[in-house]
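In what follows, a single structure is set out as structure tokens and then discussed.
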Amino acid sequence: MDPVGRTSASAATASAAVFARSFPGSPTLDHHVFCNRVEGVMRIGKSAAVTVVVVSLLLGGCDAGPVRNASPSPSSSPDLTPSPEPSPASSRQTPSAPAAGKDSGKPDDINGDGFADLVSTPPHYGEVPLDVTIVYGSKDGLTPRNGTVVKAADSGSGGFSVKGTADFDGDRFTDVVIESTSVGGPRLLWGGPNGVDPNARPTVVRPPSVSIDSDQGVVPGDFDGDGNGDLAMFVAKAQGSFSDLAVLYGPFTREGVARRHTVQRGPGDGELSGLVAARMGGRRATGLLVHGGGDGGQQPSWLFGGSPAGLSHHSRMLNQGNASAFGDFDGDGNDDVVVADDGSRYDEPPYDTEPPEVDGVMTVYFGGAGRASQVFKNVRFAQGMVVGDFDGDKRDDLAIQRGPDGYETDSVEVFHGGPTGLRRGGKVIRRLGPAKGPNGGKTAPEERPAVPRAAADYDGDGRDELALVWFAPDDEPAWEGIGLSRWWITDGSRDESSFDTEGS
Ligand SMILES: [Ca+2]
Ligand SMILES: [Ca+2]
Ligand SMILES: [Ca+2]
Ligand SMILES: [Ca+2]
């Protein structure tokens, strides 16, 4: 995320406050570098669902040095290789005024300067306000000096949760969709040549004439492929029954009114728990995956296709698996989708196991015609997934946040895309958050692994970088009330930058 011109002094101040705090009690950072894995989904939760995880072995100092390590990376390094000398640093930099951008028409580019930008909110651990942190890309990648924060408290909200990005109003600047943790319903933050105005109040999306499920997700996509961002969400016609699926089609007005909307019956006969959409790009209709809900075990999901007419009313049921992600893994121009066991289980025997065709299994379904599904066994367990083209071969790669169960993360494994689909053998990556909190208290070992959070081409070199993050566990005594996030931006062979942001 690289910032572009700030529009007000207060914005710069807020940004400085957010990015400039280092925590005094914890001068060192353990950088564990393992070897192969990555992330991929958008979960926002304690196990960083949509996100990822890993293991490793290097220790790097964490002095307040330069935030980024600017050495160019070897050009032909397909795997996400941990770098031996990351130079993470807490950021004490002074925000500078980035140059104003112009519309680039690229997804993820909020300020239109041609570089993808990173938008994030911390998970809901405790009492720390959940603000929206935006770091803008640049030719130097992501650095905290180019960022801004939209404070939830300024809008009277207890916190925000980022749901994704798309150009919702058709001005070709990417916008951000968020939800408020205290008041239901999606809201929009508008992109522009100066990025998001941190002082602007988010625009409340006008719902269709039904209630909106504020907990189970809104997801952006372009389900009719017209280039304007659309929003899919669960809605209820009757109280408490969020079994219908609404799509609000863009462009939206700046008052939050969609051009049109549709409501259709949700798939299956039971609860529905989450929505995942394909990444937008160009004028291509994106698909939507609807996850089943239930008792905590693995659930099936349903794949809906997009078309110029909008989201299909017909779906295909996929294998059970609570983790999922879209990507074009074989590079044929059609979106593929991967579904995997995320390790969660119903907690009462004898229902606390899954059958062999589900337990530790990851299935890849290919779009287009003619390619049979791929099945990977013993993936165990994909708590989250992040997709990006890390090696720049125009085929998407998959980073999986892995763990021994559905809760603890140990590493991030990268599966690389190829002409026949995904393949194993990529790197396993592990980064660790601080061993101690500001008060000297120890961080529980299982709370230290960083997780994959996002991927995009933040520096414009034609390859996507993987953004790993460690969120201070606000529910642990060592970090209670501390809204710190530590980021590692890796290009596959080394960390391009590492920095801290704060959520309060
Ligand atoms: Ca940008
Ligand atoms: Ca826009
Ligand atoms: Ca659209
Ligand atoms: Ca790049």
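Identifiers for the structure tokens are assigned positionally: chains receive A, B, ... in sequence, residues are indexed from 1 per chain, and ligands are indexed from 1 in the order shown.
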At most 12 Å is the cut-off: for each residue in stretch 279-304 of chain A with any atom that close to an atom of stretch 315-320 of chain A, write down the nearest atom pair and the distance in Å rounded to one decimal, counting only C-alpha atoms, chain first then increasing number, as JSON lines.
{"residue": "A:Gly287", "atom": "CA", "partner": "A:Ser315", "partner_atom": "CA", "distance": 10.2}
{"residue": "A:Leu288", "atom": "CA", "partner": "A:Ser315", "partner_atom": "CA", "distance": 9.4}
{"residue": "A:Leu289", "atom": "CA", "partner": "A:Ser315", "partner_atom": "CA", "distance": 9.0}
{"residue": "A:Val290", "atom": "CA", "partner": "A:Ser315", "partner_atom": "CA", "distance": 9.4}
{"residue": "A:His291", "atom": "CA", "partner": "A:Gln320", "partner_atom": "CA", "distance": 9.1}
{"residue": "A:Gly292", "atom": "CA", "partner": "A:Gln320", "partner_atom": "CA", "distance": 8.9}
{"residue": "A:Gly293", "atom": "CA", "partner": "A:Gln320", "partner_atom": "CA", "distance": 10.9}
{"residue": "A:Gly294", "atom": "CA", "partner": "A:Gln320", "partner_atom": "CA", "distance": 11.9}
{"residue": "A:Gly297", "atom": "CA", "partner": "A:Gln320", "partner_atom": "CA", "distance": 9.1}
{"residue": "A:Gln298", "atom": "CA", "partner": "A:Gln320", "partner_atom": "CA", "distance": 5.5}
{"residue": "A:Gln299", "atom": "CA", "partner": "A:Gln320", "partner_atom": "CA", "distance": 4.7}
{"residue": "A:Pro300", "atom": "CA", "partner": "A:Gln320", "partner_atom": "CA", "distance": 3.9}
{"residue": "A:Ser301", "atom": "CA", "partner": "A:Leu318", "partner_atom": "CA", "distance": 5.4}
{"residue": "A:Trp302", "atom": "CA", "partner": "A:Met317", "partner_atom": "CA", "distance": 4.4}
{"residue": "A:Leu303", "atom": "CA", "partner": "A:Arg316", "partner_atom": "CA", "distance": 5.1}
{"residue": "A:Phe304", "atom": "CA", "partner": "A:Ser315", "partner_atom": "CA", "distance": 4.7}
Report task. Apply DSSP to the structure's backbone, then extract all residues of stretch 172-254 of chain A labelled strand (DSSP E or B) and return them as a ChimeraX atom specification. Result -> /A:175-180,186-189,203-204,211-212,218-221,230-236,238,241,244-249
Restrict the selected residues to C-alpha atoms and save them as a PDB file, in the first residue's frame.
ATOM      1  CA  ASP A 175     -13.049   1.216  -3.215  1.00  0.00           C
ATOM      2  CA  VAL A 176     -13.165  -0.728   0.039  1.00  0.00           C
ATOM      3  CA  VAL A 177     -16.124  -2.567   1.524  1.00  0.00           C
ATOM      4  CA  ILE A 178     -16.195  -2.920   5.292  1.00  0.00           C
ATOM      5  CA  GLU A 179     -18.619  -4.000   7.943  1.00  0.00           C
ATOM      6  CA  SER A 180     -19.079  -2.469  11.347  1.00  0.00           C
ATOM      7  CA  PRO A 186     -21.831  -3.121   4.693  1.00  0.00           C
ATOM      8  CA  ARG A 187     -20.223   0.263   4.231  1.00  0.00           C
ATOM      9  CA  LEU A 188     -18.034   1.693   1.506  1.00  0.00           C
ATOM     10  CA  LEU A 189     -14.839   3.720   1.649  1.00  0.00           C
ATOM     11  CA  THR A 203     -21.089   5.277   3.138  1.00  0.00           C
ATOM     12  CA  VAL A 204     -23.759   2.897   4.378  1.00  0.00           C
ATOM     13  CA  SER A 211     -32.652  -7.483   6.589  1.00  0.00           C
ATOM     14  CA  ILE A 212     -28.953  -8.024   6.188  1.00  0.00           C
ATOM     15  CA  VAL A 218     -20.686  -9.642   2.543  1.00  0.00           C
ATOM     16  CA  VAL A 219     -18.302 -10.255  -0.287  1.00  0.00           C
ATOM     17  CA  PRO A 220     -17.456  -8.139  -3.318  1.00  0.00           C
ATOM     18  CA  GLY A 221     -17.237  -9.542  -6.818  1.00  0.00           C
ATOM     19  CA  ASP A 230     -21.142  -5.916  -6.914  1.00  0.00           C
ATOM     20  CA  LEU A 231     -21.922  -7.174  -3.408  1.00  0.00           C
ATOM     21  CA  ALA A 232     -23.219 -10.625  -2.501  1.00  0.00           C
ATOM     22  CA  MET A 233     -24.663 -11.153   0.970  1.00  0.00           C
ATOM     23  CA  PHE A 234     -26.937 -13.330   3.013  1.00  0.00           C
ATOM     24  CA  VAL A 235     -30.310 -11.846   3.731  1.00  0.00           C
ATOM     25  CA  ALA A 236     -33.358 -12.914   5.638  1.00  0.00           C
ATOM     26  CA  ALA A 238     -37.957 -13.891   8.069  1.00  0.00           C
ATOM     27  CA  SER A 241     -33.330 -16.974   8.929  1.00  0.00           C
ATOM     28  CA  ASP A 244     -31.423 -16.197   1.008  1.00  0.00           C
ATOM     29  CA  LEU A 245     -28.731 -14.769  -1.157  1.00  0.00           C
ATOM     30  CA  ALA A 246     -28.846 -11.189  -2.380  1.00  0.00           C
ATOM     31  CA  VAL A 247     -26.641  -9.583  -5.001  1.00  0.00           C
ATOM     32  CA  LEU A 248     -26.437  -5.813  -5.219  1.00  0.00           C
ATOM     33  CA  TYR A 249     -25.110  -4.819  -8.634  1.00  0.00           C
TER      34      TYR A 249
END
Requested in this report: Could the residues that lie within 6 Å of ligand 3, counting only C-alpha atoms and all ligand atoms, be listed as a PyMOL selection string?
Outcome: chain A and resi 222-230+249-250
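For the atom pair formed by atom CA of A:Pro208 and atom CA of A:Gly159, the distance is 23.7 Å, given to one decimal.
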Requested in this report: Could you report the residues within 8 Å of ligand 4, using only C-alpha atoms and all ligand atoms, as a PyMOL selection string?
Outcome: chain A and resi 141+390+456-465+491
Protein and nucleic acid residues within 6 Å of ligand 2 (only C-alpha atoms and all ligand atoms) as an mmCIF file with N, CA and C atoms, in the first residue's frame:
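Contents of selection.cif, as written:
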data_model
loop_
_atom_site.group_PDB
_atom_site.id
_atom_site.type_symbol
_atom_site.label_atom_id
_atom_site.label_comp_id
_atom_site.auth_asym_id
_atom_site.auth_seq_id
_atom_site.Cartn_x
_atom_site.Cartn_y
_atom_site.Cartn_z
ATOM 1 N N ASP A 167 -14.200 -1.610 -7.500
ATOM 2 C CA ASP A 167 -14.639 -0.263 -7.865
ATOM 3 C C ASP A 167 -16.160 -0.261 -7.879
ATOM 4 N N PHE A 168 -16.731 0.253 -6.821
ATOM 5 C CA PHE A 168 -18.188 0.177 -6.682
ATOM 6 C C PHE A 168 -18.946 1.307 -7.367
ATOM 7 N N ASP A 169 -18.307 2.439 -7.583
ATOM 8 C CA ASP A 169 -19.047 3.560 -8.175
ATOM 9 C C ASP A 169 -18.688 3.812 -9.634
ATOM 10 N N GLY A 170 -17.803 2.992 -10.187
ATOM 11 C CA GLY A 170 -17.514 3.108 -11.612
ATOM 12 C C GLY A 170 -16.570 4.241 -11.980
ATOM 13 N N ASP A 171 -15.861 4.828 -11.012
ATOM 14 C CA ASP A 171 -14.907 5.891 -11.372
ATOM 15 C C ASP A 171 -13.523 5.317 -11.640
ATOM 16 N N ARG A 172 -13.413 3.992 -11.596
ATOM 17 C CA ARG A 172 -12.194 3.242 -11.871
ATOM 18 C C ARG A 172 -11.138 3.355 -10.770
ATOM 19 N N PHE A 173 -11.480 3.966 -9.681
ATOM 20 C CA PHE A 173 -10.624 3.872 -8.503
ATOM 21 C C PHE A 173 -11.221 2.795 -7.601
ATOM 22 N N THR A 174 -10.356 1.928 -7.105
ATOM 23 C CA THR A 174 -10.829 0.834 -6.273
ATOM 24 C C THR A 174 -11.319 1.347 -4.922
ATOM 25 N N ASP A 175 -12.439 0.826 -4.481
ATOM 26 C CA ASP A 175 -13.049 1.216 -3.215
ATOM 27 C C ASP A 175 -12.984 0.036 -2.245
ATOM 28 N N TRP A 190 -14.432 5.203 -0.208
ATOM 29 C CA TRP A 190 -14.188 5.490 -1.616
ATOM 30 C C TRP A 190 -12.721 5.753 -1.916
ATOM 31 N N GLY A 191 -12.222 5.079 -2.953
ATOM 32 C CA GLY A 191 -10.867 5.351 -3.408
ATOM 33 C C GLY A 191 -10.854 6.597 -4.280
#
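Shortest separation to A:Gly281 among A:Asp328, A:Asn439, A:Phe252, A:Asp140 occurs at residue A:Asp328, atoms counted being only C-alpha atoms.
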Query raised in the report: Which residue out of A:Ser273, A:Gly158, A:Ala153, A:Glu255 has the minimum interatomic distance to A:Asn199 when only C-alpha atoms are used?
Result: A:Ala153
